[in-house]
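To start, the structure itself, in structure tokens.
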2 protein chains.
Amino acid sequence: MGTMSGTVPLSPLVHPERGEMTVEAVLRALADPVRLAIVRQLAATGSEIACGALDVPVTKSTLTHHLSILRQAGVVTGRQDGTTRFNSLRRNDLDALFPGLLDGVLAAPR
Amino acid sequence: MGTMSGTVPLSPLVHPERGEMTVEAVLRALADPVRLAIVRQLAATGSEIACGALDVPVTKSTLTHHLSILRQAGVVTGRQDGTTRFNSLRRNDLDALFPGLLDGVLAAPR
DNA sequence: GGATTAGTTCGACGAACGTCGTAGTTCGAT
DNA sequence: ATCGAACTACGACGTTCGTCGAACTAATCC
């Protein structure tokens, strides 16, 4: 069962399209300290960051879980390159659907 | 025990000041369908709405709970008048702290 | 004094969430 | 072909969350 070779391209890495995104999912995704930290780091960089380069106080499996939630909500995108996955903010889509939301969150004092 | 007369002014009704509000609490408060519906109704009205006049699919005790969370996050204010409590959005404070956040949320397609 | 209306408070319950460790998969280098 | 690095997938666990009903308080009206 476990040992079989078919060479699947790692993971489908499914993201919602613009039309599939909901405010509630986005708000829920942002309403967690770890995920908010991830979004802040991605916003500060302006480009992509590998999972391992993200500064978060959780284990890797938990990080994976949080990134999955952010991805499913449409907040971030993942690009695979070798064994490392590069994550970036979907600024365009977020700004188009919920203009001001992301900037408002990032403008927060703390 | 229950029967004693001191006539307390109903409830302290404690709200955070501008400086006490955090993005995370606001996001968490907004990340629920019922509470989002409440905020939308308050925004649509532009002024205050009594608890009983809010259109939500939950019991009164649950409504109280949701309003309490919104109040503690600094999203809404409560004004007592007789036995009815009037709720209103803290637009000024929200816009000052997180410019664009509320508008972005309200601009959401669904 | 009741009776009524408007909200709140207090458990209680199940569902969802965040966290972890372990095991697994894929890729690249040796 | 073997090894290590980079993540992902799967259970398991404790905690928090949303929900309700029942009991309570406060103001208003008869």
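Going through the structure tokens in order, the chains are called A, B, and so on, while each chain numbers its residues from 1 and the ligands are numbered from 1 in the order shown.
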
For stretch 79-95 of chain A, find every residue with an atom within 9 Å (counting only C-alpha atoms (C1' of nucleotides)), except residues of its own chain fewer than 3 positions away, and show them as a VMD selection string. (chain A and resid 10 13 17 to 18 21 26 39 42 to 43 46 to 52 67 74 to 76 98 to 103) or (chain B and resid 104) or (chain C and resid 26 to 28) or (chain D and resid 5 to 7)

Could you tell me, as number ranges by chain, which residues of chain A DSSP assigns to strand (DSSP E) when given the backbone? A: 49-50, 76-81, 84-89

Deliver the residues from the most recent selection as a file, using N, CA and C atoms, as a PDB file, in the first residue's frame.
```
ATOM      1  N   ILE A  49       8.335  33.433   0.112  1.00  0.00           N
ATOM      2  CA  ILE A  49       9.170  32.919   1.189  1.00  0.00           C
ATOM      3  C   ILE A  49       8.952  31.411   1.282  1.00  0.00           C
ATOM      4  N   ALA A  50      10.026  30.673   1.447  1.00  0.00           N
ATOM      5  CA  ALA A  50       9.926  29.224   1.609  1.00  0.00           C
ATOM      6  C   ALA A  50       9.399  28.911   3.002  1.00  0.00           C
ATOM      7  N   VAL A  76      -2.951  32.993   0.353  1.00  0.00           N
ATOM      8  CA  VAL A  76      -1.606  32.799  -0.189  1.00  0.00           C
ATOM      9  C   VAL A  76      -1.603  31.769  -1.328  1.00  0.00           C
ATOM     10  N   THR A  77      -0.539  31.799  -2.103  1.00  0.00           N
ATOM     11  CA  THR A  77      -0.351  30.824  -3.173  1.00  0.00           C
ATOM     12  C   THR A  77       0.936  30.075  -2.932  1.00  0.00           C
ATOM     13  N   GLY A  78       0.983  28.847  -3.408  1.00  0.00           N
ATOM     14  CA  GLY A  78       2.188  28.072  -3.230  1.00  0.00           C
ATOM     15  C   GLY A  78       2.783  27.668  -4.570  1.00  0.00           C
ATOM     16  N   ARG A  79       4.068  27.864  -4.695  1.00  0.00           N
ATOM     17  CA  ARG A  79       4.763  27.462  -5.914  1.00  0.00           C
ATOM     18  C   ARG A  79       5.832  26.453  -5.522  1.00  0.00           C
ATOM     19  N   GLN A  80       5.838  25.333  -6.215  1.00  0.00           N
ATOM     20  CA  GLN A  80       6.770  24.272  -5.872  1.00  0.00           C
ATOM     21  C   GLN A  80       8.024  24.374  -6.717  1.00  0.00           C
ATOM     22  N   ASP A  81       9.179  24.246  -6.076  1.00  0.00           N
ATOM     23  CA  ASP A  81      10.446  24.263  -6.810  1.00  0.00           C
ATOM     24  C   ASP A  81      11.379  23.277  -6.142  1.00  0.00           C
ATOM     25  N   THR A  84      11.341  22.428  -2.128  1.00  0.00           N
ATOM     26  CA  THR A  84      10.881  23.559  -1.320  1.00  0.00           C
ATOM     27  C   THR A  84       9.677  24.239  -1.961  1.00  0.00           C
ATOM     28  N   ARG A  85       8.788  24.698  -1.071  1.00  0.00           N
ATOM     29  CA  ARG A  85       7.577  25.367  -1.538  1.00  0.00           C
ATOM     30  C   ARG A  85       7.660  26.854  -1.200  1.00  0.00           C
ATOM     31  N   PHE A  86       7.459  27.652  -2.214  1.00  0.00           N
ATOM     32  CA  PHE A  86       7.511  29.095  -2.022  1.00  0.00           C
ATOM     33  C   PHE A  86       6.110  29.658  -1.912  1.00  0.00           C
ATOM     34  N   ASN A  87       5.894  30.423  -0.873  1.00  0.00           N
ATOM     35  CA  ASN A  87       4.574  30.990  -0.625  1.00  0.00           C
ATOM     36  C   ASN A  87       4.570  32.492  -0.865  1.00  0.00           C
ATOM     37  N   SER A  88       3.459  32.978  -1.401  1.00  0.00           N
ATOM     38  CA  SER A  88       3.339  34.421  -1.604  1.00  0.00           C
ATOM     39  C   SER A  88       1.898  34.862  -1.396  1.00  0.00           C
ATOM     40  N   LEU A  89       1.753  36.131  -1.081  1.00  0.00           N
ATOM     41  CA  LEU A  89       0.438  36.706  -0.837  1.00  0.00           C
ATOM     42  C   LEU A  89      -0.325  36.883  -2.155  1.00  0.00           C
TER      43      LEU A  89
END
```

Reference chain A, mobile chain B, all Cα atoms fitted, written as a short mmCIF file (atom, residue, chain, number, x, y, z; two decimals) with N, CA and C atoms, in the first residue's frame:
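The result, written out as out_24.cif:
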```
data_model
loop_
_atom_site.label_atom_id
_atom_site.label_comp_id
_atom_site.auth_asym_id
_atom_site.auth_seq_id
_atom_site.Cartn_x
_atom_site.Cartn_y
_atom_site.Cartn_z
N MET B 1 2.07 -1.91 0.40
CA MET B 1 1.14 -0.81 0.17
C MET B 1 1.90 0.49 -0.01
N GLY B 2 2.69 0.77 0.96
CA GLY B 2 3.40 2.03 0.90
C GLY B 2 4.36 2.09 -0.26
N THR B 3 4.99 0.96 -0.60
CA THR B 3 6.00 0.98 -1.63
C THR B 3 5.40 0.69 -3.01
N MET B 4 5.12 1.76 -3.73
CA MET B 4 4.63 1.64 -5.09
C MET B 4 5.10 2.86 -5.86
N SER B 5 5.43 2.65 -7.10
CA SER B 5 5.96 3.78 -7.85
C SER B 5 5.03 4.20 -8.97
N GLY B 6 4.54 5.43 -8.90
CA GLY B 6 3.72 5.99 -9.95
C GLY B 6 4.18 7.41 -10.22
N THR B 7 4.93 7.96 -9.30
CA THR B 7 5.47 9.31 -9.41
C THR B 7 4.39 10.35 -9.66
N VAL B 8 3.71 10.70 -8.58
CA VAL B 8 2.68 11.73 -8.64
C VAL B 8 3.35 13.09 -8.40
N PRO B 9 2.93 14.10 -9.11
CA PRO B 9 3.54 15.43 -9.03
C PRO B 9 3.38 16.13 -7.68
N LEU B 10 3.64 15.43 -6.59
CA LEU B 10 3.70 16.00 -5.25
C LEU B 10 2.33 16.27 -4.63
N SER B 11 1.66 17.31 -5.02
CA SER B 11 0.32 17.55 -4.51
C SER B 11 -0.39 18.50 -5.45
N PRO B 12 -1.69 18.34 -5.55
CA PRO B 12 -2.48 19.19 -6.44
C PRO B 12 -2.32 20.67 -6.11
N LEU B 13 -2.18 20.96 -4.79
CA LEU B 13 -2.03 22.35 -4.38
C LEU B 13 -3.20 23.18 -4.89
N VAL B 14 -4.37 22.87 -4.41
CA VAL B 14 -5.57 23.52 -4.91
C VAL B 14 -5.84 24.87 -4.24
N HIS B 15 -6.02 25.87 -5.06
CA HIS B 15 -6.38 27.20 -4.55
C HIS B 15 -7.75 27.56 -5.09
N PRO B 16 -8.49 28.38 -4.34
CA PRO B 16 -9.78 28.85 -4.87
C PRO B 16 -9.53 29.95 -5.90
N GLU B 17 -10.43 30.07 -6.85
CA GLU B 17 -10.33 31.19 -7.78
C GLU B 17 -10.94 32.41 -7.11
N ARG B 18 -10.80 33.53 -7.77
CA ARG B 18 -11.32 34.77 -7.21
C ARG B 18 -12.80 34.64 -6.85
N GLY B 19 -13.55 34.05 -7.74
CA GLY B 19 -14.99 33.94 -7.52
C GLY B 19 -15.37 33.02 -6.37
N GLU B 20 -14.46 32.14 -6.00
CA GLU B 20 -14.76 31.17 -4.95
C GLU B 20 -14.43 31.68 -3.56
N MET B 21 -13.70 32.76 -3.50
CA MET B 21 -13.25 33.25 -2.19
C MET B 21 -14.38 33.95 -1.43
N THR B 22 -14.42 33.71 -0.12
CA THR B 22 -15.44 34.35 0.72
C THR B 22 -14.77 35.17 1.81
N VAL B 23 -15.41 36.26 2.19
CA VAL B 23 -14.87 37.10 3.26
C VAL B 23 -14.70 36.32 4.53
N GLU B 24 -15.69 35.51 4.82
CA GLU B 24 -15.65 34.81 6.09
C GLU B 24 -14.43 33.91 6.18
N ALA B 25 -14.14 33.19 5.11
CA ALA B 25 -12.97 32.30 5.12
C ALA B 25 -11.70 33.11 5.26
N VAL B 26 -11.63 34.23 4.59
CA VAL B 26 -10.44 35.09 4.68
C VAL B 26 -10.28 35.62 6.10
N LEU B 27 -11.38 36.10 6.69
CA LEU B 27 -11.32 36.62 8.05
C LEU B 27 -10.89 35.52 9.03
N ARG B 28 -11.44 34.35 8.84
CA ARG B 28 -11.11 33.23 9.72
C ARG B 28 -9.64 32.87 9.58
N ALA B 29 -9.16 32.94 8.34
CA ALA B 29 -7.76 32.61 8.10
C ALA B 29 -6.85 33.63 8.77
N LEU B 30 -7.25 34.87 8.77
CA LEU B 30 -6.42 35.92 9.35
C LEU B 30 -6.54 36.02 10.87
N ALA B 31 -7.58 35.41 11.42
CA ALA B 31 -7.85 35.56 12.84
C ALA B 31 -7.07 34.59 13.71
N ASP B 32 -5.81 34.43 13.42
CA ASP B 32 -4.96 33.56 14.24
C ASP B 32 -3.57 34.17 14.28
N PRO B 33 -2.96 34.25 15.44
CA PRO B 33 -1.67 34.91 15.60
C PRO B 33 -0.57 34.36 14.68
N VAL B 34 -0.51 33.05 14.58
CA VAL B 34 0.53 32.44 13.72
C VAL B 34 0.31 32.80 12.26
N ARG B 35 -0.93 32.64 11.81
CA ARG B 35 -1.21 32.93 10.41
C ARG B 35 -1.05 34.41 10.11
N LEU B 36 -1.41 35.25 11.08
CA LEU B 36 -1.24 36.68 10.88
C LEU B 36 0.25 37.02 10.75
N ALA B 37 1.07 36.33 11.54
CA ALA B 37 2.52 36.54 11.46
C ALA B 37 3.04 36.14 10.08
N ILE B 38 2.53 35.04 9.57
CA ILE B 38 2.93 34.58 8.24
C ILE B 38 2.58 35.63 7.19
N VAL B 39 1.35 36.12 7.26
CA VAL B 39 0.90 37.12 6.29
C VAL B 39 1.75 38.39 6.40
N ARG B 40 2.08 38.78 7.61
CA ARG B 40 2.89 39.98 7.80
C ARG B 40 4.27 39.80 7.19
N GLN B 41 4.85 38.63 7.38
CA GLN B 41 6.17 38.39 6.81
C GLN B 41 6.12 38.38 5.29
N LEU B 42 5.07 37.78 4.75
CA LEU B 42 4.94 37.76 3.29
C LEU B 42 4.74 39.17 2.74
N ALA B 43 3.97 39.95 3.45
CA ALA B 43 3.71 41.32 3.00
C ALA B 43 4.97 42.17 3.10
N ALA B 44 5.73 41.94 4.15
CA ALA B 44 6.96 42.72 4.35
C ALA B 44 7.98 42.42 3.26
N THR B 45 8.06 41.14 2.89
CA THR B 45 9.01 40.74 1.86
C THR B 45 8.57 41.23 0.48
N GLY B 46 7.28 41.16 0.24
CA GLY B 46 6.79 41.61 -1.04
C GLY B 46 6.88 40.53 -2.11
N SER B 47 7.63 39.47 -1.81
CA SER B 47 7.67 38.38 -2.78
C SER B 47 7.45 37.06 -2.05
N GLU B 48 8.10 35.99 -2.44
CA GLU B 48 7.80 34.69 -1.85
C GLU B 48 8.79 34.28 -0.77
N ILE B 49 8.30 33.40 0.10
CA ILE B 49 9.13 32.87 1.18
C ILE B 49 8.90 31.37 1.28
N ALA B 50 9.97 30.62 1.44
CA ALA B 50 9.85 29.17 1.60
C ALA B 50 9.32 28.87 3.00
N CYS B 51 8.67 27.74 3.15
CA CYS B 51 8.11 27.35 4.44
C CYS B 51 9.18 27.41 5.53
N GLY B 52 10.31 26.84 5.24
CA GLY B 52 11.37 26.77 6.24
C GLY B 52 11.95 28.11 6.62
N ALA B 53 11.72 29.11 5.80
CA ALA B 53 12.26 30.44 6.07
C ALA B 53 11.28 31.32 6.83
N LEU B 54 10.11 30.80 7.09
CA LEU B 54 9.12 31.56 7.85
C LEU B 54 9.44 31.46 9.33
N ASP B 55 9.36 32.60 10.00
CA ASP B 55 9.66 32.63 11.43
C ASP B 55 8.38 32.49 12.25
N VAL B 56 8.09 31.26 12.65
CA VAL B 56 6.88 31.00 13.43
C VAL B 56 7.18 30.05 14.57
N PRO B 57 6.51 30.23 15.69
CA PRO B 57 6.78 29.44 16.89
C PRO B 57 6.02 28.12 16.96
N VAL B 58 5.97 27.39 15.85
CA VAL B 58 5.26 26.10 15.84
C VAL B 58 6.08 25.07 15.09
N THR B 59 5.70 23.82 15.22
CA THR B 59 6.42 22.75 14.51
C THR B 59 6.08 22.79 13.03
N LYS B 60 6.81 21.99 12.27
CA LYS B 60 6.61 21.99 10.82
C LYS B 60 5.23 21.51 10.43
N SER B 61 4.75 20.49 11.11
CA SER B 61 3.43 19.97 10.75
C SER B 61 2.34 21.01 11.00
N THR B 62 2.50 21.77 12.07
CA THR B 62 1.52 22.82 12.35
C THR B 62 1.62 23.93 11.31
N LEU B 63 2.83 24.25 10.92
CA LEU B 63 3.02 25.25 9.87
C LEU B 63 2.30 24.83 8.60
N THR B 64 2.48 23.59 8.23
CA THR B 64 1.81 23.06 7.04
C THR B 64 0.31 23.27 7.13
N HIS B 65 -0.23 22.96 8.30
CA HIS B 65 -1.65 23.13 8.54
C HIS B 65 -2.09 24.57 8.35
N HIS B 66 -1.35 25.51 8.92
CA HIS B 66 -1.71 26.93 8.81
C HIS B 66 -1.62 27.42 7.37
N LEU B 67 -0.58 26.98 6.68
CA LEU B 67 -0.44 27.39 5.28
C LEU B 67 -1.57 26.82 4.44
N SER B 68 -2.00 25.63 4.78
CA SER B 68 -3.10 25.02 4.07
C SER B 68 -4.38 25.84 4.23
N ILE B 69 -4.62 26.31 5.45
CA ILE B 69 -5.81 27.13 5.70
C ILE B 69 -5.73 28.46 4.95
N LEU B 70 -4.55 29.06 4.97
CA LEU B 70 -4.36 30.32 4.25
C LEU B 70 -4.56 30.11 2.75
N ARG B 71 -4.09 28.97 2.25
CA ARG B 71 -4.21 28.69 0.83
C ARG B 71 -5.66 28.44 0.46
N GLN B 72 -6.35 27.65 1.26
CA GLN B 72 -7.75 27.34 0.97
C GLN B 72 -8.64 28.58 1.04
N ALA B 73 -8.24 29.54 1.83
CA ALA B 73 -9.03 30.77 1.94
C ALA B 73 -8.71 31.71 0.78
N GLY B 74 -7.61 31.44 0.09
CA GLY B 74 -7.22 32.29 -1.03
C GLY B 74 -6.29 33.42 -0.63
N VAL B 75 -5.75 33.36 0.57
CA VAL B 75 -4.88 34.42 1.05
C VAL B 75 -3.46 34.28 0.49
N VAL B 76 -2.99 33.05 0.35
CA VAL B 76 -1.64 32.83 -0.18
C VAL B 76 -1.65 31.80 -1.31
N THR B 77 -0.59 31.82 -2.09
CA THR B 77 -0.41 30.83 -3.16
C THR B 77 0.86 30.06 -2.89
N GLY B 78 0.91 28.84 -3.39
CA GLY B 78 2.12 28.03 -3.20
C GLY B 78 2.70 27.61 -4.53
N ARG B 79 4.01 27.79 -4.65
CA ARG B 79 4.70 27.37 -5.88
C ARG B 79 5.75 26.35 -5.48
N GLN B 80 5.73 25.21 -6.17
CA GLN B 80 6.66 24.15 -5.82
C GLN B 80 7.92 24.25 -6.67
N ASP B 81 9.07 24.12 -6.01
CA ASP B 81 10.34 24.13 -6.75
C ASP B 81 11.27 23.15 -6.06
N GLY B 82 11.40 21.97 -6.66
CA GLY B 82 12.20 20.94 -6.02
C GLY B 82 11.48 20.46 -4.78
N THR B 83 12.17 20.44 -3.67
CA THR B 83 11.51 19.99 -2.44
C THR B 83 10.98 21.16 -1.63
N THR B 84 11.25 22.35 -2.06
CA THR B 84 10.81 23.49 -1.27
C THR B 84 9.59 24.16 -1.90
N ARG B 85 8.72 24.62 -1.03
CA ARG B 85 7.51 25.28 -1.49
C ARG B 85 7.59 26.76 -1.17
N PHE B 86 7.39 27.57 -2.19
CA PHE B 86 7.45 29.02 -2.00
C PHE B 86 6.05 29.59 -1.89
N ASN B 87 5.85 30.38 -0.85
CA ASN B 87 4.53 30.95 -0.60
C ASN B 87 4.55 32.45 -0.85
N SER B 88 3.43 32.95 -1.38
CA SER B 88 3.32 34.39 -1.59
C SER B 88 1.89 34.86 -1.38
N LEU B 89 1.72 36.13 -1.07
CA LEU B 89 0.41 36.72 -0.83
C LEU B 89 -0.35 36.89 -2.14
N ARG B 90 -1.66 36.68 -2.09
CA ARG B 90 -2.48 36.93 -3.29
C ARG B 90 -3.05 38.33 -3.21
N ARG B 91 -2.16 39.29 -3.16
CA ARG B 91 -2.54 40.69 -3.01
C ARG B 91 -3.57 41.15 -4.03
N ASN B 92 -3.32 40.86 -5.28
CA ASN B 92 -4.22 41.30 -6.35
C ASN B 92 -5.65 40.85 -6.11
N ASP B 93 -5.79 39.57 -5.86
CA ASP B 93 -7.14 39.03 -5.67
C ASP B 93 -7.80 39.58 -4.42
N LEU B 94 -7.03 39.67 -3.35
CA LEU B 94 -7.60 40.18 -2.11
C LEU B 94 -8.03 41.64 -2.26
N ASP B 95 -7.16 42.43 -2.87
CA ASP B 95 -7.49 43.85 -3.04
C ASP B 95 -8.68 44.04 -3.97
N ALA B 96 -8.80 43.17 -4.96
CA ALA B 96 -9.91 43.29 -5.90
C ALA B 96 -11.24 42.96 -5.23
N LEU B 97 -11.23 41.91 -4.41
CA LEU B 97 -12.48 41.46 -3.78
C LEU B 97 -12.85 42.28 -2.55
N PHE B 98 -11.84 42.54 -1.71
CA PHE B 98 -12.09 43.23 -0.44
C PHE B 98 -11.16 44.42 -0.32
N PRO B 99 -11.36 45.43 -1.13
CA PRO B 99 -10.44 46.56 -1.18
C PRO B 99 -10.23 47.21 0.18
N GLY B 100 -9.00 47.22 0.63
CA GLY B 100 -8.70 47.87 1.89
C GLY B 100 -8.53 46.91 3.04
N LEU B 101 -9.11 45.75 2.92
CA LEU B 101 -9.05 44.79 4.02
C LEU B 101 -7.61 44.46 4.41
N LEU B 102 -6.85 43.98 3.48
CA LEU B 102 -5.48 43.57 3.79
C LEU B 102 -4.64 44.75 4.29
N ASP B 103 -4.76 45.87 3.61
CA ASP B 103 -4.01 47.05 4.05
C ASP B 103 -4.41 47.47 5.45
N GLY B 104 -5.69 47.39 5.72
CA GLY B 104 -6.17 47.75 7.05
C GLY B 104 -5.58 46.84 8.11
N VAL B 105 -5.52 45.57 7.82
CA VAL B 105 -4.96 44.60 8.76
C VAL B 105 -3.47 44.86 8.97
N LEU B 106 -2.78 45.13 7.88
CA LEU B 106 -1.33 45.34 7.96
C LEU B 106 -0.99 46.68 8.61
N ALA B 107 -1.92 47.59 8.56
CA ALA B 107 -1.69 48.92 9.15
C ALA B 107 -1.84 48.89 10.65
N ALA B 108 -2.29 47.76 11.19
CA ALA B 108 -2.54 47.65 12.62
C ALA B 108 -1.28 47.94 13.43
N PRO B 109 -1.45 48.74 14.49
CA PRO B 109 -0.37 49.11 15.39
C PRO B 109 0.44 47.91 15.85
N ARG B 110 -0.22 46.86 16.26
CA ARG B 110 0.47 45.66 16.73
C ARG B 110 -0.22 44.51 16.09
#
```

Using only C-alpha atoms (C1' of nucleotides), find the residues of chain C whose closest atom to chain A is at most 12 Å away, then write them as a PyMOL selection string. chain C and resi 17-28

Could you please tell me, as a ChimeraX atom specification, which residues of chain D have an atom within 10 Å of chain B when using only C-alpha atoms (C1' of nucleotides)? /D:18-21,24-28

Considering only helix (DSSP H, G or I) as DSSP defines it on the backbone, what residues of stretch 5-107 of chain B qualify? List them as a PyMOL selection string. chain B and resi 18-20+23-30+33-45+51-53+60-73+91-97+101-106
